[in-house]
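Participant: The structure that follows is given in the form of structure tokens.
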Amino acid sequence: MGQGRVTIYDVARHCGVAASTVSRTFSDPARVNAATRERVRAAAREVGYEPRPLARVDSPGRSRTLMLVVTDIANPYYAPLIKAAQARAIERNFTLALTDSDESPEVEARNLRQLLAATSGGILATSRLSDDVVRQLAQHRALVMVNRDIGGLPSLFVDTAAGMRKAVRHLAALGHRRIAYLSGPRSSWVNGQRWRAAQEEAGALGIRAGFLGPFAPNQQGGHEAADALILDGATAAIAYNDLIALGTLHRLHVAGVRLPDDISLIGCDDIFGADLTVPALTTIAGPTAKLGRCAVDALCAELSGRGGQQAAQSFDAHLIVRGSTGPAPAATGGN
């Protein structure tokens, strides 16, 4: 292609499209159909064209980075959300930066204050911050909430409260009259929603729902939850998330408690591996990947000025019944 720097015009001539199409392929790929995008990118590789993303980022008002904050990157729940959010960000010509708050509101606030300045906006997934702190941060950068509903901010969540109601009804239909909720962090908005729904549904059905915890939302927390559950005497339990449920399942097995013969157990999130345990875990599931994609769409709408007062978006949850739930033990009659 000669001695000079390869340009979009060289790429356009090489693959027979307009230079504007080449430009859009690298600056706004969502506006170019998939087949043309691939043809342009292949031609760019062949002629040695290198786009200049840093020039776009450095242009006034053209920061192209979005920030995604998760509470614990080791939690498998976040994997499909992160992958889907990143794919959608790339489609919209953004880079997605990821940070882990390590279940700490202090760490989350510090990361946001230090990193948001270099980004266009942020997505806060299952944030542990107070509403006031989030609103304060939102005065400086566009923010979208995931698994949290804050009035005045774009908020998206899976309706796991409705899923909890389904779980309680499932256990009641199996004859359980005494269930336990294995709580996650008290600072978690969804934890409060889930416990309230379980408590209300149990009351409507005339069965007892007890609160155990709070426990760390990981497998170690599940080990502690299992010890509390054995002492409690409930015949069934619903855990805040699958990690607590899996830790509980493992500890119960070590203690010689049989699932579901002695105790039934339900998790929440349907993370990878929930169906690989023995017995496989009954759990509440929602469209996690869709949540990630829609969160990026909502943030881009805010950045483009099309967001306005977006209503909270709720996504349906459903109960996946597997082997960890069964009839209440006959010896106790489920009482």
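Quick note on naming: the chains in the structure tokens go A, B, ... in the order shown, residues restart at 1 in each chain, and ligands are numbered from 1 in order of appearance.
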Set the distance at 9 Å and use only C-alpha atoms: which residues neighbour range 126-128 of chain A once local chain neighbours fewer than 3 positions away are removed? I'd like the list as an MDAnalysis selection string.

Facilitator: chainID A and resid 69:71 101 103:106 108 134 145:148 185 187:190

Participant: Write out the residues from the selection above, keeping all heavy atoms, as a CSV table (one decimal), in the first residue's frame.

Facilitator:
```
chain,number,residue,atom,x,y,z
A,69,VAL,N,-19.2,-2.2,38.0
A,69,VAL,CA,-18.8,-2.5,39.4
A,69,VAL,C,-19.6,-3.7,39.8
A,69,VAL,O,-20.9,-3.7,39.8
A,69,VAL,CB,-19.1,-1.4,40.4
A,69,VAL,CG1,-18.6,-1.7,41.7
A,69,VAL,CG2,-18.5,-0.1,39.9
A,70,VAL,N,-18.9,-4.8,40.3
A,70,VAL,CA,-19.6,-6.0,40.8
A,70,VAL,C,-19.1,-6.2,42.3
A,70,VAL,O,-18.1,-5.7,42.7
A,70,VAL,CB,-19.3,-7.2,40.0
A,70,VAL,CG1,-19.8,-7.1,38.6
A,70,VAL,CG2,-17.8,-7.6,40.0
A,71,THR,N,-19.9,-6.9,43.1
A,71,THR,CA,-19.6,-7.0,44.5
A,71,THR,C,-18.5,-8.1,44.7
A,71,THR,O,-17.8,-8.0,45.7
A,71,THR,CB,-20.8,-7.4,45.3
A,71,THR,OG1,-21.5,-8.5,44.7
A,71,THR,CG2,-21.8,-6.2,45.3
A,101,SER,N,-15.8,-4.6,44.1
A,101,SER,CA,-15.9,-3.9,45.4
A,101,SER,C,-15.6,-4.8,46.6
A,101,SER,O,-15.6,-4.3,47.7
A,101,SER,CB,-17.3,-3.3,45.6
A,101,SER,OG,-18.3,-4.3,45.7
A,103,GLU,N,-17.4,-6.8,48.2
A,103,GLU,CA,-18.5,-6.8,49.2
A,103,GLU,C,-18.4,-5.7,50.2
A,103,GLU,O,-19.0,-5.7,51.3
A,103,GLU,CB,-18.7,-8.1,50.0
A,103,GLU,CG,-19.1,-9.3,49.1
A,103,GLU,CD,-20.6,-9.2,48.7
A,103,GLU,OE1,-21.3,-8.4,49.3
A,103,GLU,OE2,-21.0,-10.0,47.9
A,104,SER,N,-17.6,-4.6,49.9
A,104,SER,CA,-17.4,-3.5,50.8
A,104,SER,C,-17.9,-2.2,50.3
A,104,SER,O,-17.4,-1.8,49.2
A,104,SER,CB,-15.9,-3.4,51.1
A,104,SER,OG,-15.6,-2.2,51.8
A,105,PRO,N,-18.8,-1.6,51.0
A,105,PRO,CA,-19.3,-0.2,50.5
A,105,PRO,C,-18.2,0.8,50.5
A,105,PRO,O,-18.2,1.7,49.6
A,105,PRO,CB,-20.4,0.1,51.5
A,105,PRO,CG,-20.2,-0.7,52.7
A,105,PRO,CD,-19.6,-2.0,52.2
A,106,GLU,N,-17.2,0.7,51.4
A,106,GLU,CA,-16.1,1.6,51.4
A,106,GLU,C,-15.2,1.4,50.2
A,106,GLU,O,-14.8,2.4,49.6
A,106,GLU,CB,-15.3,1.4,52.7
A,106,GLU,CG,-16.0,1.8,54.0
A,106,GLU,CD,-17.0,0.7,54.5
A,106,GLU,OE1,-16.9,-0.4,54.0
A,106,GLU,OE2,-17.9,1.1,55.3
A,108,GLU,N,-16.1,0.1,47.4
A,108,GLU,CA,-17.0,0.5,46.2
A,108,GLU,C,-17.0,2.0,46.0
A,108,GLU,O,-16.7,2.5,44.9
A,108,GLU,CB,-18.4,0.0,46.4
A,108,GLU,CG,-19.3,0.2,45.2
A,108,GLU,CD,-20.7,-0.4,45.4
A,108,GLU,OE1,-20.9,-1.1,46.3
A,108,GLU,OE2,-21.5,-0.1,44.5
A,134,VAL,N,-25.1,6.9,46.3
A,134,VAL,CA,-25.3,6.7,44.9
A,134,VAL,C,-25.8,8.0,44.2
A,134,VAL,O,-25.3,8.3,43.1
A,134,VAL,CB,-26.2,5.5,44.6
A,134,VAL,CG1,-26.6,5.4,43.2
A,134,VAL,CG2,-25.6,4.2,45.2
A,145,MET,N,-28.3,1.3,37.8
A,145,MET,CA,-28.3,0.3,38.9
A,145,MET,C,-28.8,-1.1,38.3
A,145,MET,O,-29.7,-1.2,37.6
A,145,MET,CB,-29.3,0.7,40.0
A,145,MET,CG,-29.1,2.1,40.5
A,145,MET,SD,-27.4,2.5,41.0
A,145,MET,CE,-27.2,1.3,42.4
A,146,VAL,N,-28.1,-2.1,38.8
A,146,VAL,CA,-28.5,-3.5,38.5
A,146,VAL,C,-28.7,-4.2,39.8
A,146,VAL,O,-27.9,-4.1,40.7
A,146,VAL,CB,-27.4,-4.2,37.6
A,146,VAL,CG1,-27.7,-5.7,37.5
A,146,VAL,CG2,-27.3,-3.6,36.2
A,147,ASN,N,-29.9,-5.0,39.9
A,147,ASN,CA,-30.3,-5.6,41.1
A,147,ASN,C,-30.4,-4.6,42.2
A,147,ASN,O,-30.1,-5.0,43.4
A,147,ASN,CB,-29.3,-6.7,41.5
A,147,ASN,CG,-29.3,-7.9,40.5
A,147,ASN,OD1,-30.3,-8.2,39.9
A,147,ASN,ND2,-28.2,-8.6,40.4
A,148,ARG,N,-31.0,-3.5,41.9
A,148,ARG,CA,-31.2,-2.4,42.9
A,148,ARG,C,-32.1,-1.4,42.3
A,148,ARG,O,-32.0,-1.1,41.1
A,148,ARG,CB,-29.9,-1.8,43.3
A,148,ARG,CG,-29.9,-0.6,44.2
A,148,ARG,CD,-30.0,-1.0,45.7
A,148,ARG,NE,-29.8,0.1,46.5
A,148,ARG,CZ,-28.7,0.6,47.0
A,148,ARG,NH1,-27.5,0.0,46.7
A,148,ARG,NH2,-28.6,1.6,47.8
A,185,PRO,N,-26.1,-10.5,52.9
A,185,PRO,CA,-25.8,-9.3,53.6
A,185,PRO,C,-27.0,-8.4,53.9
A,185,PRO,O,-27.8,-8.2,53.0
A,185,PRO,CB,-24.8,-8.6,52.6
A,185,PRO,CG,-24.3,-9.7,51.8
A,185,PRO,CD,-25.4,-10.6,51.6
A,187,SER,N,-27.0,-5.3,54.0
A,187,SER,CA,-26.8,-4.1,53.1
A,187,SER,C,-27.3,-4.3,51.7
A,187,SER,O,-27.3,-3.4,50.9
A,187,SER,CB,-25.4,-3.6,53.1
A,187,SER,OG,-24.5,-4.6,52.6
A,188,SER,N,-27.7,-5.6,51.4
A,188,SER,CA,-28.1,-5.9,50.0
A,188,SER,C,-29.6,-5.6,49.8
A,188,SER,O,-30.4,-6.2,50.6
A,188,SER,CB,-27.8,-7.4,49.7
A,188,SER,OG,-28.5,-7.8,48.6
A,189,TRP,N,-29.9,-4.8,48.9
A,189,TRP,CA,-31.3,-4.5,48.6
A,189,TRP,C,-32.1,-5.7,48.2
A,189,TRP,O,-33.2,-5.9,48.7
A,189,TRP,CB,-31.4,-3.4,47.4
A,189,TRP,CG,-32.7,-3.0,47.0
A,189,TRP,CD1,-33.5,-2.1,47.6
A,189,TRP,CD2,-33.5,-3.5,45.9
A,189,TRP,NE1,-34.7,-2.0,47.0
A,189,TRP,CE2,-34.7,-2.9,45.9
A,189,TRP,CE3,-33.3,-4.5,45.0
A,189,TRP,CZ2,-35.7,-3.1,45.0
A,189,TRP,CZ3,-34.2,-4.8,44.0
A,189,TRP,CH2,-35.5,-4.1,44.0
A,190,VAL,N,-31.5,-6.6,47.3
A,190,VAL,CA,-32.3,-7.7,46.9
A,190,VAL,C,-32.4,-8.7,48.1
A,190,VAL,O,-33.4,-9.5,48.1
A,190,VAL,CB,-31.6,-8.5,45.7
A,190,VAL,CG1,-31.7,-7.6,44.5
A,190,VAL,CG2,-30.1,-8.8,46.0
```

Participant: Tell me which protein, DNA and RNA residues are within 8 Å of range 316-323 of chain A, counting only C-alpha atoms, leaving out same-chain ones fewer than 3 positions away, and put them as an mmCIF file with all heavy atoms, in the first residue's frame.

Facilitator:
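out_0.cif written:
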```cif
data_model
loop_
_atom_site.group_PDB
_atom_site.id
_atom_site.type_symbol
_atom_site.label_atom_id
_atom_site.label_comp_id
_atom_site.auth_asym_id
_atom_site.auth_seq_id
_atom_site.Cartn_x
_atom_site.Cartn_y
_atom_site.Cartn_z
ATOM 1 N N VAL A 158 -33.806 -8.501 38.335
ATOM 2 C CA VAL A 158 -34.610 -9.713 38.167
ATOM 3 C C VAL A 158 -35.568 -9.787 39.353
ATOM 4 O O VAL A 158 -35.171 -9.561 40.499
ATOM 5 C CB VAL A 158 -33.723 -10.969 38.105
ATOM 6 C CG1 VAL A 158 -34.581 -12.232 38.085
ATOM 7 C CG2 VAL A 158 -32.821 -10.916 36.882
ATOM 8 N N ASP A 159 -36.817 -10.090 39.098
ATOM 9 C CA ASP A 159 -37.835 -10.122 40.151
ATOM 10 C C ASP A 159 -37.708 -11.411 40.963
ATOM 11 O O ASP A 159 -38.591 -12.271 40.934
ATOM 12 C CB ASP A 159 -39.228 -9.984 39.544
ATOM 13 C CG ASP A 159 -40.309 -9.751 40.594
ATOM 14 O OD1 ASP A 159 -39.946 -9.619 41.783
ATOM 15 O OD2 ASP A 159 -41.500 -9.726 40.237
ATOM 16 N N THR A 160 -36.586 -11.518 41.686
ATOM 17 C CA THR A 160 -36.373 -12.725 42.488
ATOM 18 C C THR A 160 -37.304 -12.763 43.700
ATOM 19 O O THR A 160 -37.470 -13.815 44.312
ATOM 20 C CB THR A 160 -34.912 -12.836 42.952
ATOM 21 O OG1 THR A 160 -34.489 -11.588 43.524
ATOM 22 C CG2 THR A 160 -34.000 -13.185 41.780
ATOM 23 N N ALA A 162 -40.534 -12.368 43.413
ATOM 24 C CA ALA A 162 -41.589 -13.241 42.884
ATOM 25 C C ALA A 162 -41.096 -14.688 42.829
ATOM 26 O O ALA A 162 -41.857 -15.634 43.076
ATOM 27 C CB ALA A 162 -42.022 -12.769 41.497
ATOM 28 N N GLY A 163 -39.804 -14.857 42.525
ATOM 29 C CA GLY A 163 -39.227 -16.196 42.526
ATOM 30 C C GLY A 163 -39.264 -16.819 43.911
ATOM 31 O O GLY A 163 -39.499 -18.033 44.072
ATOM 32 N N LYS A 166 -42.630 -18.209 44.585
ATOM 33 C CA LYS A 166 -42.782 -19.503 43.912
ATOM 34 C C LYS A 166 -42.081 -20.605 44.697
ATOM 35 O O LYS A 166 -42.589 -21.726 44.805
ATOM 36 C CB LYS A 166 -42.222 -19.424 42.493
ATOM 37 C CG LYS A 166 -42.981 -18.481 41.574
ATOM 38 C CD LYS A 166 -42.276 -18.333 40.227
ATOM 39 C CE LYS A 166 -42.978 -17.309 39.347
ATOM 40 N NZ LYS A 166 -42.273 -17.102 38.048
ATOM 41 N N ALA A 167 -40.904 -20.283 45.248
ATOM 42 C CA ALA A 167 -40.155 -21.273 46.022
ATOM 43 C C ALA A 167 -40.907 -21.672 47.284
ATOM 44 O O ALA A 167 -40.972 -22.863 47.644
ATOM 45 C CB ALA A 167 -38.781 -20.712 46.380
ATOM 46 N N PRO A 260 -32.907 -34.764 49.527
ATOM 47 C CA PRO A 260 -33.918 -33.974 50.241
ATOM 48 C C PRO A 260 -34.656 -34.760 51.336
ATOM 49 O O PRO A 260 -35.681 -34.272 51.822
ATOM 50 C CB PRO A 260 -34.882 -33.613 49.112
ATOM 51 C CG PRO A 260 -34.891 -34.842 48.256
ATOM 52 C CD PRO A 260 -33.461 -35.362 48.287
ATOM 53 N N ASP A 275 -26.385 -27.300 38.810
ATOM 54 C CA ASP A 275 -27.003 -28.557 38.374
ATOM 55 C C ASP A 275 -26.029 -29.729 38.424
ATOM 56 O O ASP A 275 -26.394 -30.849 38.044
ATOM 57 C CB ASP A 275 -27.558 -28.406 36.957
ATOM 58 C CG ASP A 275 -26.480 -28.028 35.949
ATOM 59 O OD1 ASP A 275 -25.432 -27.496 36.379
ATOM 60 O OD2 ASP A 275 -26.684 -28.242 34.734
ATOM 61 N N VAL A 278 -24.709 -33.101 43.908
ATOM 62 C CA VAL A 278 -25.492 -34.299 44.208
ATOM 63 C C VAL A 278 -26.118 -34.112 45.582
ATOM 64 O O VAL A 278 -25.397 -34.091 46.587
ATOM 65 C CB VAL A 278 -24.617 -35.568 44.191
ATOM 66 C CG1 VAL A 278 -25.473 -36.787 44.531
ATOM 67 C CG2 VAL A 278 -23.947 -35.752 42.835
ATOM 68 N N PRO A 279 -27.451 -33.922 45.638
ATOM 69 C CA PRO A 279 -28.365 -33.782 44.496
ATOM 70 C C PRO A 279 -28.208 -32.414 43.821
ATOM 71 O O PRO A 279 -27.667 -31.481 44.413
ATOM 72 C CB PRO A 279 -29.744 -33.909 45.154
ATOM 73 C CG PRO A 279 -29.540 -33.351 46.531
ATOM 74 C CD PRO A 279 -28.157 -33.789 46.934
ATOM 75 N N ALA A 280 -28.718 -32.331 42.579
ATOM 76 C CA ALA A 280 -28.674 -31.050 41.871
ATOM 77 C C ALA A 280 -29.546 -30.034 42.604
ATOM 78 O O ALA A 280 -30.565 -30.384 43.211
ATOM 79 C CB ALA A 280 -29.163 -31.240 40.435
ATOM 80 N N LEU A 281 -29.140 -28.778 42.546
ATOM 81 C CA LEU A 281 -29.768 -27.737 43.357
ATOM 82 C C LEU A 281 -31.008 -27.141 42.691
ATOM 83 O O LEU A 281 -30.939 -26.632 41.569
ATOM 84 C CB LEU A 281 -28.755 -26.623 43.632
ATOM 85 C CG LEU A 281 -29.212 -25.482 44.546
ATOM 86 C CD1 LEU A 281 -29.463 -25.979 45.961
ATOM 87 C CD2 LEU A 281 -28.164 -24.360 44.547
ATOM 88 N N THR A 282 -32.122 -27.197 43.390
ATOM 89 C CA THR A 282 -33.302 -26.432 42.990
ATOM 90 C C THR A 282 -32.982 -24.957 43.218
ATOM 91 O O THR A 282 -32.430 -24.585 44.257
ATOM 92 C CB THR A 282 -34.526 -26.839 43.834
ATOM 93 O OG1 THR A 282 -34.859 -28.202 43.555
ATOM 94 C CG2 THR A 282 -35.733 -25.960 43.523
ATOM 95 N N THR A 283 -33.331 -24.112 42.255
ATOM 96 C CA THR A 283 -32.911 -22.708 42.369
ATOM 97 C C THR A 283 -33.851 -21.780 41.620
ATOM 98 O O THR A 283 -34.659 -22.217 40.784
ATOM 99 C CB THR A 283 -31.470 -22.538 41.840
ATOM 100 O OG1 THR A 283 -30.992 -21.235 42.138
ATOM 101 C CG2 THR A 283 -31.400 -22.774 40.341
ATOM 102 N N ILE A 284 -33.742 -20.494 41.943
ATOM 103 C CA ILE A 284 -34.509 -19.442 41.275
ATOM 104 C C ILE A 284 -33.610 -18.818 40.214
ATOM 105 O O ILE A 284 -32.482 -18.433 40.501
ATOM 106 C CB ILE A 284 -34.957 -18.378 42.295
ATOM 107 C CG1 ILE A 284 -35.871 -19.006 43.352
ATOM 108 C CG2 ILE A 284 -35.656 -17.214 41.601
ATOM 109 C CD1 ILE A 284 -36.004 -18.177 44.609
ATOM 110 N N ALA A 285 -34.104 -18.717 38.993
ATOM 111 C CA ALA A 285 -33.265 -18.259 37.879
ATOM 112 C C ALA A 285 -33.893 -17.054 37.195
ATOM 113 O O ALA A 285 -35.112 -16.865 37.203
ATOM 114 C CB ALA A 285 -33.068 -19.382 36.871
ATOM 115 N N GLY A 286 -33.039 -16.240 36.594
ATOM 116 C CA GLY A 286 -33.491 -15.104 35.797
ATOM 117 C C GLY A 286 -32.549 -14.893 34.630
ATOM 118 O O GLY A 286 -31.486 -15.515 34.554
ATOM 119 N N PRO A 287 -32.906 -14.002 33.705
ATOM 120 C CA PRO A 287 -32.089 -13.771 32.498
ATOM 121 C C PRO A 287 -30.888 -12.875 32.776
ATOM 122 O O PRO A 287 -30.875 -11.688 32.431
ATOM 123 C CB PRO A 287 -33.085 -13.113 31.549
ATOM 124 C CG PRO A 287 -34.007 -12.353 32.454
ATOM 125 C CD PRO A 287 -34.137 -13.191 33.703
ATOM 126 N N GLY A 326 -37.766 -32.051 48.141
ATOM 127 C CA GLY A 326 -38.639 -33.219 48.151
ATOM 128 C C GLY A 326 -39.656 -33.090 49.267
ATOM 129 O O GLY A 326 -39.686 -32.092 49.998
#
```

Participant: Just the number, please: distance in Å from CA of Arg178 in chain A to CA of Phe211 in chain A, one decimal.

Facilitator: 11.2 Å

Participant: Have a look at CA of Val22 in chain A and CA of Ile8 in chain A and let me know their distance in Å, one decimal.

Facilitator: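 Separation between CA of Val22 in chain A and CA of Ile8 in chain A: 6.1 Å.
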
Participant: Taking the backbone alone, and naming residues the way the document does, which bits of range 32-255 of chain A are alpha helix (DSSP H) by DSSP, as a ChimeraX atom specification?

Facilitator: /A:34-47,53-58,78-91,105-115,131-138,160-173,189-205,219-232,242-254

Participant: Please return, as a PyMOL selection string, all residues of range 85-328 of chain A that DSSP assigns to strand (DSSP E or B) on the basis of the backbone.

Facilitator: chain A and resi 95-100+121-125+142-146+155-158+178-182+208-212+236-239+264-268+282-285+313-315+318-320

Participant: Next, the residues of the selection above should be written as an mmCIF file, in the first residue's frame with C-alpha atoms.

Facilitator:
```cif
data_model
loop_
_atom_site.group_PDB
_atom_site.id
_atom_site.type_symbol
_atom_site.label_atom_id
_atom_site.label_comp_id
_atom_site.auth_asym_id
_atom_site.auth_seq_id
_atom_site.Cartn_x
_atom_site.Cartn_y
_atom_site.Cartn_z
ATOM 1 C CA THR A 95 -14.714 -0.261 26.253
ATOM 2 C CA LEU A 96 -15.991 -1.868 29.455
ATOM 3 C CA ALA A 97 -13.807 -1.453 32.547
ATOM 4 C CA LEU A 98 -14.486 -3.854 35.433
ATOM 5 C CA THR A 99 -13.887 -3.327 39.134
ATOM 6 C CA ASP A 100 -14.648 -5.507 42.170
ATOM 7 C CA GLY A 121 -20.598 6.445 33.186
ATOM 8 C CA GLY A 122 -21.030 3.408 35.383
ATOM 9 C CA ILE A 123 -23.153 0.317 35.998
ATOM 10 C CA LEU A 124 -23.439 -0.656 39.657
ATOM 11 C CA ALA A 125 -24.368 -4.334 40.051
ATOM 12 C CA ALA A 142 -24.449 8.800 34.530
ATOM 13 C CA LEU A 143 -25.155 5.682 36.607
ATOM 14 C CA VAL A 144 -27.337 2.626 36.057
ATOM 15 C CA MET A 145 -28.333 0.274 38.870
ATOM 16 C CA VAL A 146 -28.500 -3.507 38.461
ATOM 17 C CA SER A 155 -32.698 0.579 37.618
ATOM 18 C CA LEU A 156 -32.836 -3.000 36.353
ATOM 19 C CA PHE A 157 -33.421 -6.132 38.390
ATOM 20 C CA VAL A 158 -34.610 -9.713 38.167
ATOM 21 C CA ARG A 178 -41.447 -24.765 58.729
ATOM 22 C CA ILE A 179 -38.896 -23.185 56.432
ATOM 23 C CA ALA A 180 -35.836 -21.010 57.000
ATOM 24 C CA TYR A 181 -34.467 -18.119 54.954
ATOM 25 C CA LEU A 182 -30.646 -18.157 54.893
ATOM 26 C CA ARG A 208 -43.674 -20.608 59.415
ATOM 27 C CA ALA A 209 -40.710 -18.774 57.869
ATOM 28 C CA GLY A 210 -37.687 -18.125 60.068
ATOM 29 C CA PHE A 211 -34.761 -15.769 59.398
ATOM 30 C CA LEU A 212 -31.230 -17.118 59.867
ATOM 31 C CA ALA A 236 -36.610 -26.727 54.316
ATOM 32 C CA ALA A 237 -34.474 -23.682 53.580
ATOM 33 C CA ILE A 238 -34.210 -21.018 50.881
ATOM 34 C CA ALA A 239 -30.808 -19.368 50.559
ATOM 35 C CA SER A 264 -34.996 -29.559 51.294
ATOM 36 C CA LEU A 265 -32.847 -26.719 49.976
ATOM 37 C CA ILE A 266 -33.370 -23.990 47.377
ATOM 38 C CA GLY A 267 -30.813 -21.490 46.053
ATOM 39 C CA CYS A 268 -31.077 -18.378 43.922
ATOM 40 C CA THR A 282 -33.302 -26.432 42.990
ATOM 41 C CA THR A 283 -32.911 -22.708 42.369
ATOM 42 C CA ILE A 284 -34.509 -19.442 41.275
ATOM 43 C CA ALA A 285 -33.265 -18.259 37.879
ATOM 44 C CA GLN A 313 -37.057 -2.547 34.402
ATOM 45 C CA SER A 314 -38.053 -5.816 36.052
ATOM 46 C CA PHE A 315 -37.228 -9.213 34.514
ATOM 47 C CA HIS A 318 -38.662 -18.725 37.480
ATOM 48 C CA LEU A 319 -38.111 -21.738 39.710
ATOM 49 C CA ILE A 320 -35.980 -24.603 38.385
#
```

Participant: Return the single residue from A:Thr65, A:Gln193, A:Asn218, A:Thr21 that is closest to Glu38 in chain A, with distances computed using only C-alpha atoms.

Facilitator: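 For Glu38 in chain A, the nearest of the given residues is A:Thr21.
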